[in-house]
2 protein chains.
Amino acid sequence: MSDQRTELEKLGEFGLIDHLTKDFVNQNPSTTFGIGDDAAVISISDDDAKLISTDMLIEGVHFNLMYMPLKHLGYKAVAVNISDICAMNGTAEQITVSIAVSNRFPVEALEELYDGIRTACSIYNVDLIGGDTTSSLSGLSISITVIGSAKKKDITYRSGAKENDLLVATGDLGAAYMGLQILEREKVVYSTNPEIQPDLDGHDYIIERQLKPEARKDIILFLKELELKPTSMIDISDGLASEIMHLCKSSKVGCHVYDEKIPIDAKTSMTALDFNLDPSTCALNGGEDYELLFTVPQSDFEKVKGNPHMSIIGHITNEADGIYFIDKSGSAIELQAQGWNHLND
Amino acid sequence: MSDQRTELEKLGEFGLIDHLTKDFVNQNPSTTFGIGDDAAVISISDDDAKLISTDMLIEGVHFNLMYMPLKHLGYKAVAVNISDICAMNGTAEQITVSIAVSNRFPVEALEELYDGIRTACSIYNVDLIGGDTTSSLSGLSISITVIGSAKKKDITYRSGAKENDLLVATGDLGAAYMGLQILEREKVVYSTNPEIQPDLDGHDYIIERQLKPEARKDIILFLKELELKPTSMIDISDGLASEIMHLCKSSKVGCHVYDEKIPIDAKTSMTALDFNLDPSTCALNGGEDYELLFTVPQSDFEKVKGNPHMSIIGHITNEADGIYFIDKSGSAIELQAQGWNHLND
């Protein structure tokens with residue numbers, strides 16, 4: 001090892017993966033697509049492929065057991081992995097689950113966790129086919145790999161968006177982030193005075209969006225029924241802004257996203273305003289919504305427009321035109337990799 | 001959650017997995033075999049299957065960075081996963097790698113780790129197709145999932161051993177454990193006096209077996225050349241005794257294993273004796289050899305006997321006869337799940 005020391009933060013998560021894997025060369029003909037999308041693609045026949053995605057969740061980094069019940073954690077860990085298979089327009093079929101756990105957890109705690117995993121497996125029709133249980137020096141880590149199936153002709157990559165395509169988001173955005181704010185606030189209150197009961201009244205929806213997100217498997221079924229194949233797709237795990245950037249970068253396109261078109265639930269907006277936050281900012285940068293973001297040709301407008309689960313939030317432009325957020329006053333704001341900056345402050 | 005508290009140690013690793021997954025029911029027709037072998041089996045056509053295995057390595061539990069160079073760690077993490085695919089008589093083709101790392105590691109440390117991963121991928125002809133890099137509060141965790149291919153007719157499970165089959169071990173055993181003893185000894189010396197250089201002279205072989213184990217992909221190729229399909233197979237990761245127990249339990253058979261037949265390298269024996277350890281005990285309970293243990297019908301004796309990589313160490317008996325280790329004096333010792341006890345102390 002050289003004596004040089006470069007801090008991890010300097011590269012960021014995605015920069016770090018790119019940097020570490022840049023010299024890897026694929027050698028197997030079955031490897032159709034490796035790193036750089038929601039899932040990898042392995043060819044298994046002329047028409048069919050397997051999709052593989054993996055995710056690691058670390059206590060204290062991705063979840064806090066003070067307000068995340070273990071059963072919900074198990075459910076969420078499975079759902080967010082299945083979401084990656086949905087983002088490829090595929091069907092999740094199997095998972096493996098590895099956990100590392102310190103002996104401060106009793107068997108009963110792991111039973112709760114696996115109860116949540118089993119519930120998610122049952123609802124999403126996924127089989128637990130393997131895994132590993134090991135001890136850790138501290139805390140709980142969960143690593144899940146999901147295996148899915150797809151017809152090759154149906155697979156949607158991040159890279160297929162074309163100029164003039166419509167940009168579509170499913171469901172509503174920002175709720176999971178606001179749910180987290182409520183949970184964090186009540187945690188602070190509780191730490192100060194454990195006698196006070198947490199005040200979660202009226203926040204059921206946004207808290208459920210944080211603690212028990214769903215993968216949009218239903219959308220994949222809608223798309224099949226509508227005979228609609230998106231030109232590109234990604235799941236919204238890190239916030240709308242970040243996913244738009246990934247999709248545009250992979251597709252080598254620009255886009256215009258309209259503030260007034262972003263689907264935000266009334267409860268999310270009200271809670272955001274209570275916290276003196278702009279609801280659109282929560283939707284753009286909040287993360288953990290696990291909705292889908294996809295593009296379709298303008299010719300498919302009729303198929304999308306009436307669907308209550310889908311919102312057309314913008315359109316794809318030329319790469320040179322850049323990636324812009326058009327606020328309610330009509331001002332164009334350039335989206336940046338880390339959040340967004342005003343174009344003309 | 002109930003108020004009951006059962007400590008994790010009470011069930012042990014394998015008991016815990018069995019307990020946590022007992023209520024899971026497979027729902028997908030493609031799931032041919034789930035939990036309970038070296039890898040899961042997913043059907044992809046009438047003739048072909050994919051094999052999936054996953055492993056998690058935790059700093060301070062599975063490796064110690066004081067004597068495990070990061071490049072070796074990356075190599076070993078890949079090799080031990082590939083070993084699981086070999087144990088199914090399949091060919092590893094892809095891996096995903098997730099790492100969780102604290103910011104005490106600079107980018108250069110992860111470059112070393114990925115250098116080892118890349119070397120292993122290149123040597124074993126495996127593609128890195130995905131992964132996740134995330135921060136941890138402390139230490140380094142690595143989770144690898146490996147995907148392999150096999151013809152269904154070639155797949156070897158742990159459950160196929162038949163009475164009178166020959167029990168065969170590859171390579172030699174106990175070396176990785178003795179390599180670890182040397183490294184631990186020098187670590188203690190170094191902690192006491194950092195001026196003293198570690199004394200690893202003459203221990204190259206056993207240290208390499210600990211730091212850079214190889215998956216026996218070559219054995220899988222030999223088996224094909226010999227047109228020899230084992231009736232059962234498992235890789236030797238936790239020590240010969242433990243793997244014999246797994247294989248016999250899965251196959252519902254007993255066996256006789258002969259001390260004098262266990263392949264132990266002269267350097268392993270000499271080091272064991274230096275440490276006042278019985279070399280056979282090191283082979284039986286040491287672990288991390290990543291050799292293969294398999295059974296073949298007696299009719300295949302001629303194919304195995306001349307092979308320098310294979311040692312016939314015993315034979316399979318009726319389940320009711322039990323699992324016995326025959327020591328050099330001819331005494332039969334019953335093997336137990338946790339090591340072994342003398343039958344007639």
# chains A, B, ... in the order shown; residues from 1 in each chain; ligands from 1
>>> residues_around(residues="B:Met310", least_positions_apart="6", cutoff="12 Å", atoms="only C-alpha atoms", output="number ranges by chain")
B: 166-173, 216, 218-220, 222-223, 261-263, 291-296, 301-304
>>> interface_residues(of="chain A", to="chain B", cutoff="6 Å", atoms="only C-alpha atoms", output="ChimeraX atom specification")
/A:5-8,26,34-35,40,54,106-107,127,129-131
>>> write_last_selection(atoms="N, CA and C atoms", output="mmCIF file, in the first residue's frame")
data_model
loop_
_atom_site.group_PDB
_atom_site.id
_atom_site.type_symbol
_atom_site.label_atom_id
_atom_site.label_comp_id
_atom_site.auth_asym_id
_atom_site.auth_seq_id
_atom_site.Cartn_x
_atom_site.Cartn_y
_atom_site.Cartn_z
ATOM 1 N N ARG A 5 -3.119 8.863 1.661
ATOM 2 C CA ARG A 5 -4.374 8.614 2.358
ATOM 3 C C ARG A 5 -5.459 9.519 1.799
ATOM 4 N N THR A 6 -6.404 8.917 1.068
ATOM 5 C CA THR A 6 -7.524 9.666 0.524
ATOM 6 C C THR A 6 -8.756 9.293 1.331
ATOM 7 N N GLU A 7 -9.421 10.291 1.900
ATOM 8 C CA GLU A 7 -10.610 10.005 2.717
ATOM 9 C C GLU A 7 -11.749 9.495 1.830
ATOM 10 N N LEU A 8 -12.534 8.549 2.378
ATOM 11 C CA LEU A 8 -13.641 7.955 1.617
ATOM 12 C C LEU A 8 -14.651 9.006 1.159
ATOM 13 N N ASN A 26 -15.416 -8.082 -17.415
ATOM 14 C CA ASN A 26 -16.287 -9.259 -17.423
ATOM 15 C C ASN A 26 -15.788 -10.298 -18.419
ATOM 16 N N GLY A 34 -23.397 -5.682 -15.784
ATOM 17 C CA GLY A 34 -22.852 -5.797 -14.431
ATOM 18 C C GLY A 34 -23.243 -4.633 -13.542
ATOM 19 N N ILE A 35 -22.253 -3.860 -13.130
ATOM 20 C CA ILE A 35 -22.477 -2.770 -12.184
ATOM 21 C C ILE A 35 -23.010 -1.530 -12.901
ATOM 22 N N ALA A 40 -28.093 -6.371 -11.730
ATOM 23 C CA ALA A 40 -27.276 -6.952 -12.796
ATOM 24 C C ALA A 40 -28.150 -7.904 -13.605
ATOM 25 N N THR A 54 -28.211 -6.500 -4.703
ATOM 26 C CA THR A 54 -27.817 -6.742 -3.326
ATOM 27 C C THR A 54 -27.750 -5.435 -2.553
ATOM 28 N N PRO A 106 -31.374 -11.283 21.836
ATOM 29 C CA PRO A 106 -31.794 -12.648 22.151
ATOM 30 C C PRO A 106 -32.400 -13.308 20.908
ATOM 31 N N VAL A 107 -32.600 -14.609 20.958
ATOM 32 C CA VAL A 107 -33.229 -15.336 19.862
ATOM 33 C C VAL A 107 -34.584 -14.714 19.509
ATOM 34 N N ASP A 127 -39.059 -16.531 -2.357
ATOM 35 C CA ASP A 127 -38.574 -17.611 -1.495
ATOM 36 C C ASP A 127 -37.231 -17.255 -0.849
ATOM 37 N N ILE A 129 -33.920 -18.551 0.112
ATOM 38 C CA ILE A 129 -33.213 -19.767 -0.322
ATOM 39 C C ILE A 129 -31.835 -19.920 0.292
ATOM 40 N N GLY A 130 -31.407 -18.969 1.106
ATOM 41 C CA GLY A 130 -30.082 -19.148 1.673
ATOM 42 C C GLY A 130 -29.721 -18.015 2.583
ATOM 43 N N GLY A 131 -28.545 -18.149 3.192
ATOM 44 C CA GLY A 131 -28.110 -17.093 4.071
ATOM 45 C C GLY A 131 -27.127 -17.588 5.069
#
>>> calpha_fit_and_write(fixed="chain A", moving="chain B", output="compact mmCIF listing (two decimals) with C-alpha atoms, in the first residue's frame")
# COMPACT_ATOMS: atom_id res chain seq x y z
CA MET B 1 0.02 -0.02 0.04
CA SER B 2 1.32 3.46 -0.73
CA ASP B 3 1.56 6.01 2.06
CA GLN B 4 -1.09 8.19 0.45
CA ARG B 5 -4.33 8.60 2.37
CA THR B 6 -7.48 9.68 0.55
CA GLU B 7 -10.57 10.01 2.72
CA LEU B 8 -13.62 7.96 1.63
CA GLU B 9 -15.89 11.04 1.71
CA LYS B 10 -13.84 12.60 -1.05
CA LEU B 11 -15.25 10.21 -3.66
CA GLY B 12 -18.80 9.77 -2.37
CA GLU B 13 -20.67 6.42 -2.51
CA PHE B 14 -21.14 6.20 -6.28
CA GLY B 15 -17.73 7.67 -7.09
CA LEU B 16 -16.15 5.13 -4.75
CA ILE B 17 -17.84 2.12 -6.41
CA ASP B 18 -16.86 3.43 -9.86
CA HIS B 19 -13.29 3.96 -8.72
CA LEU B 20 -12.89 0.56 -7.05
CA THR B 21 -14.43 -1.43 -9.90
CA LYS B 22 -12.98 0.43 -12.91
CA ASP B 23 -10.34 -2.23 -13.65
CA PHE B 24 -12.70 -5.22 -13.53
CA VAL B 25 -13.34 -6.88 -16.87
CA ASN B 26 -16.27 -9.26 -17.41
CA GLN B 27 -15.22 -12.64 -18.79
CA ASN B 28 -18.40 -14.74 -18.81
CA PRO B 29 -20.67 -14.58 -21.85
CA SER B 30 -23.69 -14.94 -19.54
CA THR B 31 -22.88 -11.60 -17.86
CA THR B 32 -25.14 -9.26 -19.86
CA PHE B 33 -24.94 -6.23 -17.57
CA GLY B 34 -22.84 -5.78 -14.43
CA ILE B 35 -22.47 -2.76 -12.17
CA GLY B 36 -24.35 0.50 -12.81
CA ASP B 37 -28.10 -0.18 -12.77
CA ASP B 38 -30.66 -1.24 -10.16
CA ALA B 39 -29.77 -4.89 -10.80
CA ALA B 40 -27.27 -6.94 -12.78
CA VAL B 41 -28.53 -9.01 -15.73
CA ILE B 42 -27.45 -12.61 -16.38
CA SER B 43 -28.51 -14.27 -19.61
CA ILE B 44 -29.99 -17.76 -19.15
CA SER B 45 -31.42 -18.37 -22.64
CA ASP B 46 -32.09 -16.50 -25.89
CA ASP B 47 -35.21 -14.94 -24.38
CA ASP B 48 -34.74 -15.01 -20.62
CA ALA B 49 -32.52 -13.43 -17.99
CA LYS B 50 -31.98 -13.44 -14.26
CA LEU B 51 -31.72 -10.15 -12.38
CA ILE B 52 -29.49 -9.84 -9.29
CA SER B 53 -29.33 -7.03 -6.77
CA THR B 54 -27.83 -6.73 -3.30
CA ASP B 55 -28.11 -4.30 -0.40
CA MET B 56 -26.56 -4.03 3.04
CA LEU B 57 -28.26 -2.34 5.99
CA ILE B 58 -26.21 -1.33 9.04
CA GLU B 59 -27.60 -0.46 12.47
CA GLY B 60 -26.91 3.18 13.30
CA VAL B 61 -26.36 4.04 9.63
CA HIS B 62 -29.48 2.78 7.83
CA PHE B 63 -31.81 2.13 10.73
CA ASN B 64 -32.26 2.99 14.38
CA LEU B 65 -33.78 0.26 16.54
CA MET B 66 -35.05 2.90 18.96
CA TYR B 67 -38.00 3.54 16.65
CA MET B 68 -37.70 0.82 14.02
CA PRO B 69 -39.42 -2.34 15.27
CA LEU B 70 -37.47 -5.45 14.19
CA LYS B 71 -40.44 -6.91 12.37
CA HIS B 72 -40.73 -3.76 10.25
CA LEU B 73 -36.99 -3.78 9.67
CA GLY B 74 -37.16 -7.33 8.29
CA TYR B 75 -40.06 -6.40 6.04
CA LYS B 76 -38.39 -3.21 4.79
CA ALA B 77 -35.05 -4.93 4.11
CA VAL B 78 -36.82 -7.37 1.78
CA ALA B 79 -39.11 -4.75 0.16
CA VAL B 80 -36.27 -2.36 -0.75
CA ASN B 81 -34.41 -5.18 -2.49
CA ILE B 82 -37.51 -6.23 -4.42
CA SER B 83 -37.89 -2.59 -5.44
CA ASP B 84 -34.59 -2.91 -7.35
CA ILE B 85 -35.98 -5.83 -9.37
CA CYS B 86 -39.18 -3.86 -10.06
CA ALA B 87 -36.99 -1.02 -11.37
CA MET B 88 -35.70 -3.42 -14.05
CA ASN B 89 -39.29 -4.37 -14.95
CA GLY B 90 -38.71 -7.87 -13.61
CA THR B 91 -40.23 -10.24 -11.05
CA ALA B 92 -38.39 -11.03 -7.82
CA GLU B 93 -38.41 -14.76 -7.03
CA GLN B 94 -35.75 -15.56 -4.43
CA ILE B 95 -33.70 -13.86 -1.72
CA THR B 96 -30.75 -14.74 0.47
CA VAL B 97 -30.42 -13.07 3.86
CA SER B 98 -27.19 -12.77 5.82
CA ILE B 99 -27.22 -11.24 9.27
CA ALA B 100 -24.43 -10.36 11.66
CA VAL B 101 -25.65 -9.82 15.19
CA SER B 102 -24.10 -9.16 18.59
CA ASN B 103 -25.10 -11.28 21.57
CA ARG B 104 -27.05 -8.38 23.06
CA PHE B 105 -29.87 -9.65 20.80
CA PRO B 106 -31.80 -12.64 22.16
CA VAL B 107 -33.25 -15.33 19.87
CA GLU B 108 -36.67 -13.70 20.32
CA ALA B 109 -35.42 -10.48 18.66
CA LEU B 110 -34.27 -12.41 15.60
CA GLU B 111 -37.61 -14.22 15.53
CA GLU B 112 -39.27 -10.78 15.19
CA LEU B 113 -36.86 -9.83 12.39
CA TYR B 114 -37.51 -13.09 10.51
CA ASP B 115 -41.24 -12.69 11.08
CA GLY B 116 -41.03 -9.46 9.07
CA ILE B 117 -38.86 -11.12 6.43
CA ARG B 118 -41.36 -13.99 6.16
CA THR B 119 -44.32 -11.61 5.84
CA ALA B 120 -42.59 -9.75 2.99
CA CYS B 121 -41.65 -13.05 1.29
CA SER B 122 -45.25 -14.17 1.47
CA ILE B 123 -46.73 -10.88 0.18
CA TYR B 124 -44.20 -10.53 -2.66
CA ASN B 125 -44.17 -14.26 -3.47
CA VAL B 126 -40.43 -14.56 -2.92
CA ASP B 127 -38.58 -17.58 -1.49
CA LEU B 128 -35.83 -17.37 1.14
CA ILE B 129 -33.23 -19.74 -0.30
CA GLY B 130 -30.09 -19.12 1.70
CA GLY B 131 -28.12 -17.06 4.09
CA ASP B 132 -25.71 -16.86 6.86
CA THR B 133 -26.05 -15.99 10.53
CA THR B 134 -22.89 -14.82 12.20
CA SER B 135 -21.87 -12.91 15.29
CA SER B 136 -20.76 -9.29 15.22
CA LEU B 137 -18.82 -7.31 17.80
CA SER B 138 -21.56 -4.70 17.91
CA GLY B 139 -24.93 -4.04 16.38
CA LEU B 140 -26.95 -5.68 13.65
CA SER B 141 -26.12 -5.84 9.93
CA ILE B 142 -28.40 -7.30 7.28
CA SER B 143 -27.25 -8.13 3.77
CA ILE B 144 -29.86 -9.27 1.27
CA THR B 145 -29.41 -10.46 -2.29
CA VAL B 146 -32.49 -10.77 -4.47
CA ILE B 147 -32.81 -12.86 -7.63
CA GLY B 148 -35.46 -12.00 -10.20
CA SER B 149 -36.61 -13.09 -13.64
CA ALA B 150 -37.46 -11.16 -16.77
CA LYS B 151 -37.90 -11.62 -20.47
CA LYS B 152 -34.91 -9.90 -22.05
CA LYS B 153 -37.17 -7.79 -24.25
CA ASP B 154 -38.94 -6.40 -21.15
CA ILE B 155 -35.89 -5.32 -19.17
CA THR B 156 -35.68 -1.57 -18.55
CA TYR B 157 -32.27 -0.02 -17.97
CA ARG B 158 -31.50 3.45 -16.70
CA SER B 159 -29.88 4.23 -20.01
CA GLY B 160 -32.80 4.14 -22.46
CA ALA B 161 -34.44 7.57 -22.01
CA LYS B 162 -34.79 9.51 -25.29
CA GLU B 163 -35.30 13.21 -26.00
CA ASN B 164 -39.00 14.20 -25.74
CA ASP B 165 -39.89 11.16 -23.60
CA LEU B 166 -42.26 11.84 -20.73
CA LEU B 167 -40.85 11.53 -17.19
CA VAL B 168 -43.22 9.66 -14.86
CA ALA B 169 -43.14 9.12 -11.08
CA THR B 170 -45.37 6.62 -9.28
CA GLY B 171 -47.27 7.16 -6.02
CA ASP B 172 -46.30 10.17 -3.95
CA LEU B 173 -42.94 11.43 -2.74
CA GLY B 174 -41.37 12.86 0.40
CA ALA B 175 -43.61 10.99 2.86
CA ALA B 176 -40.94 8.56 4.09
CA TYR B 177 -38.63 11.47 4.85
CA MET B 178 -41.28 13.34 6.82
CA GLY B 179 -42.13 10.13 8.69
CA LEU B 180 -38.48 9.95 9.71
CA GLN B 181 -38.59 13.57 10.93
CA ILE B 182 -41.57 12.74 13.17
CA LEU B 183 -39.84 9.63 14.55
CA GLU B 184 -36.61 11.56 15.17
CA ARG B 185 -38.50 14.33 16.94
CA GLU B 186 -40.28 11.89 19.23
CA LYS B 187 -36.99 10.09 19.91
CA VAL B 188 -35.48 13.35 21.17
CA VAL B 189 -38.54 14.04 23.33
CA TYR B 190 -38.35 10.50 24.72
CA SER B 191 -34.61 10.78 25.48
CA THR B 192 -35.31 13.96 27.43
CA ASN B 193 -38.28 12.54 29.32
CA PRO B 194 -39.13 8.84 29.02
CA GLU B 195 -42.43 9.49 30.82
CA ILE B 196 -43.86 11.32 27.80
CA GLN B 197 -45.63 9.03 25.36
CA PRO B 198 -44.64 9.55 21.72
CA ASP B 199 -47.07 11.81 19.86
CA LEU B 200 -47.55 10.06 16.52
CA ASP B 201 -51.26 10.87 16.17
CA GLY B 202 -52.37 11.81 12.69
CA HIS B 203 -49.01 10.81 11.23
CA ASP B 204 -49.86 7.16 10.51
CA TYR B 205 -49.45 7.48 6.75
CA ILE B 206 -46.03 9.11 6.68
CA ILE B 207 -44.70 6.93 9.50
CA GLU B 208 -45.85 3.81 7.68
CA ARG B 209 -44.11 5.08 4.53
CA GLN B 210 -40.88 5.27 6.56
CA LEU B 211 -41.20 2.06 8.57
CA LYS B 212 -42.98 -0.19 6.08
CA PRO B 213 -42.34 0.92 2.50
CA GLU B 214 -43.66 -1.26 -0.29
CA ALA B 215 -41.96 -2.24 -3.54
CA ARG B 216 -44.15 -1.18 -6.49
CA LYS B 217 -44.68 -4.67 -7.87
CA ASP B 218 -48.23 -3.54 -8.69
CA ILE B 219 -46.84 -0.95 -11.12
CA ILE B 220 -44.91 -3.65 -12.99
CA LEU B 221 -48.19 -5.54 -13.40
CA PHE B 222 -49.99 -2.35 -14.56
CA LEU B 223 -47.26 -1.75 -17.15
CA LYS B 224 -47.79 -5.27 -18.50
CA GLU B 225 -51.56 -4.79 -18.62
CA LEU B 226 -51.13 -1.45 -20.38
CA GLU B 227 -48.63 -3.04 -22.79
CA LEU B 228 -46.36 -0.19 -21.86
CA LYS B 229 -42.62 -0.67 -21.77
CA PRO B 230 -40.76 2.28 -20.25
CA THR B 231 -37.70 3.42 -22.20
CA SER B 232 -35.83 3.73 -18.88
CA MET B 233 -36.56 3.12 -15.20
CA ILE B 234 -35.00 3.49 -11.73
CA ASP B 235 -36.39 3.21 -8.21
CA ILE B 236 -36.55 6.30 -6.01
CA SER B 237 -34.48 5.31 -2.99
CA ASP B 238 -32.21 8.34 -2.51
CA GLY B 239 -34.65 11.15 -3.39
CA LEU B 240 -36.13 12.20 -6.71
CA ALA B 241 -33.28 14.64 -7.56
CA SER B 242 -30.57 12.01 -7.21
CA GLU B 243 -32.52 9.44 -9.28
CA ILE B 244 -33.22 11.97 -12.05
CA MET B 245 -29.48 12.67 -12.17
CA HIS B 246 -28.66 8.94 -12.42
CA LEU B 247 -31.23 8.36 -15.13
CA CYS B 248 -30.17 11.37 -17.21
CA LYS B 249 -26.46 10.60 -16.80
CA SER B 250 -26.95 6.94 -17.85
CA SER B 251 -29.17 7.93 -20.78
CA LYS B 252 -26.99 10.90 -21.79
CA VAL B 253 -29.99 13.24 -21.80
CA GLY B 254 -31.21 16.34 -20.00
CA CYS B 255 -34.69 16.99 -18.58
CA HIS B 256 -37.21 19.49 -17.28
CA VAL B 257 -39.03 18.57 -14.07
CA TYR B 258 -41.98 20.68 -12.95
CA ASP B 259 -42.39 21.45 -9.26
CA GLU B 260 -46.20 21.68 -9.55
CA LYS B 261 -46.34 18.18 -11.07
CA ILE B 262 -44.46 16.38 -8.29
CA PRO B 263 -46.92 14.13 -6.45
CA ILE B 264 -46.90 14.98 -2.75
CA ASP B 265 -49.53 13.73 -0.33
CA ALA B 266 -51.39 16.41 1.68
CA LYS B 267 -50.17 14.88 4.96
CA THR B 268 -46.57 15.11 3.76
CA SER B 269 -47.01 18.77 2.80
CA MET B 270 -48.67 19.68 6.10
CA THR B 271 -45.96 17.97 8.15
CA ALA B 272 -43.22 19.59 6.06
CA LEU B 273 -44.73 23.02 6.66
CA ASP B 274 -44.95 22.24 10.41
CA PHE B 275 -41.20 21.61 10.31
CA ASN B 276 -40.60 24.79 8.23
CA LEU B 277 -39.49 22.65 5.30
CA ASP B 278 -40.45 23.09 1.65
CA PRO B 279 -42.47 19.99 0.63
CA SER B 280 -40.82 19.90 -2.81
CA THR B 281 -37.37 19.87 -1.22
CA CYS B 282 -38.46 16.86 0.87
CA ALA B 283 -39.62 15.06 -2.27
CA LEU B 284 -36.48 15.95 -4.20
CA ASN B 285 -33.92 15.12 -1.53
CA GLY B 286 -35.72 13.05 1.11
CA GLY B 287 -35.27 9.51 -0.08
CA GLU B 288 -36.64 6.07 0.92
CA ASP B 289 -39.91 6.46 -0.98
CA TYR B 290 -39.21 3.33 -3.11
CA GLU B 291 -41.48 4.63 -5.83
CA LEU B 292 -40.49 4.18 -9.48
CA LEU B 293 -39.28 6.85 -11.88
CA PHE B 294 -39.55 6.00 -15.56
CA THR B 295 -39.72 7.46 -19.04
CA VAL B 296 -42.14 6.63 -21.86
CA PRO B 297 -42.42 7.92 -25.42
CA GLN B 298 -44.90 10.78 -25.92
CA SER B 299 -46.98 8.37 -28.02
CA ASP B 300 -47.81 6.53 -24.77
CA PHE B 301 -49.27 9.65 -23.15
CA GLU B 302 -52.82 8.29 -23.31
CA LYS B 303 -51.83 5.10 -21.48
CA VAL B 304 -50.28 6.99 -18.57
CA LYS B 305 -52.43 10.07 -18.14
CA GLY B 306 -55.49 8.54 -16.49
CA ASN B 307 -53.59 6.24 -14.14
CA PRO B 308 -54.01 7.33 -10.49
CA HIS B 309 -50.66 5.70 -9.58
CA MET B 310 -48.64 7.63 -12.17
CA SER B 311 -47.78 11.33 -12.46
CA ILE B 312 -46.12 12.90 -15.49
CA ILE B 313 -43.62 15.23 -13.82
CA GLY B 314 -41.56 16.43 -16.78
CA HIS B 315 -39.94 15.54 -20.06
CA ILE B 316 -36.56 14.53 -21.40
CA THR B 317 -34.42 17.07 -23.28
CA ASN B 318 -31.10 17.06 -25.06
CA GLU B 319 -28.06 16.34 -22.87
CA ALA B 320 -26.59 19.74 -23.68
CA ASP B 321 -29.74 21.43 -22.34
CA GLY B 322 -28.99 20.24 -18.80
CA ILE B 323 -31.23 19.02 -15.99
CA TYR B 324 -33.68 21.63 -14.73
CA PHE B 325 -36.27 21.92 -12.03
CA ILE B 326 -38.96 24.47 -12.95
CA ASP B 327 -40.39 25.98 -9.77
CA LYS B 328 -43.95 27.24 -9.29
CA SER B 329 -42.96 30.78 -10.35
CA GLY B 330 -41.60 29.39 -13.63
CA SER B 331 -37.93 29.86 -12.72
CA ALA B 332 -35.55 27.18 -13.97
CA ILE B 333 -33.20 25.79 -11.32
CA GLU B 334 -30.35 23.48 -12.34
CA LEU B 335 -30.37 20.20 -10.41
CA GLN B 336 -26.96 19.29 -8.99
CA ALA B 337 -25.62 15.92 -7.92
CA GLN B 338 -25.85 16.91 -4.25
CA GLY B 339 -29.28 18.54 -4.11
CA TRP B 340 -29.85 21.62 -6.24
CA ASN B 341 -28.65 25.20 -6.67
CA HIS B 342 -30.55 28.21 -7.92
CA LEU B 343 -29.56 29.17 -11.46
CA ASN B 344 -30.09 32.86 -10.93
CA ASP B 345 -29.78 33.67 -7.23
>>> select_by_dssp(residues="stretch 22-103 of chain B", states="strand (DSSP E)", output="list in words")
Thr31, Thr32, Phe33, Ala40, Val41, Ile42, Ser43, Asp48, Ala49, Lys50, Leu51, Ile52, Ser53, Thr54, Asp55, Met56, Leu57, Ile58, Thr91, Ala92, Glu93, Gln94, Ile95, Thr96, Val97, Ser98, Ile99, Ala100 and Val101 of chain B
>>> select_by_dssp(residues="stretch 79-278 of chain A", states="helix (DSSP H, G or I)", output="NGL selection string")
:A and (79-86 or 107-124 or 152-154 or 158-160 or 175-192 or 204-211 or 217-225 or 240-251 or 259-261 or 266-274)
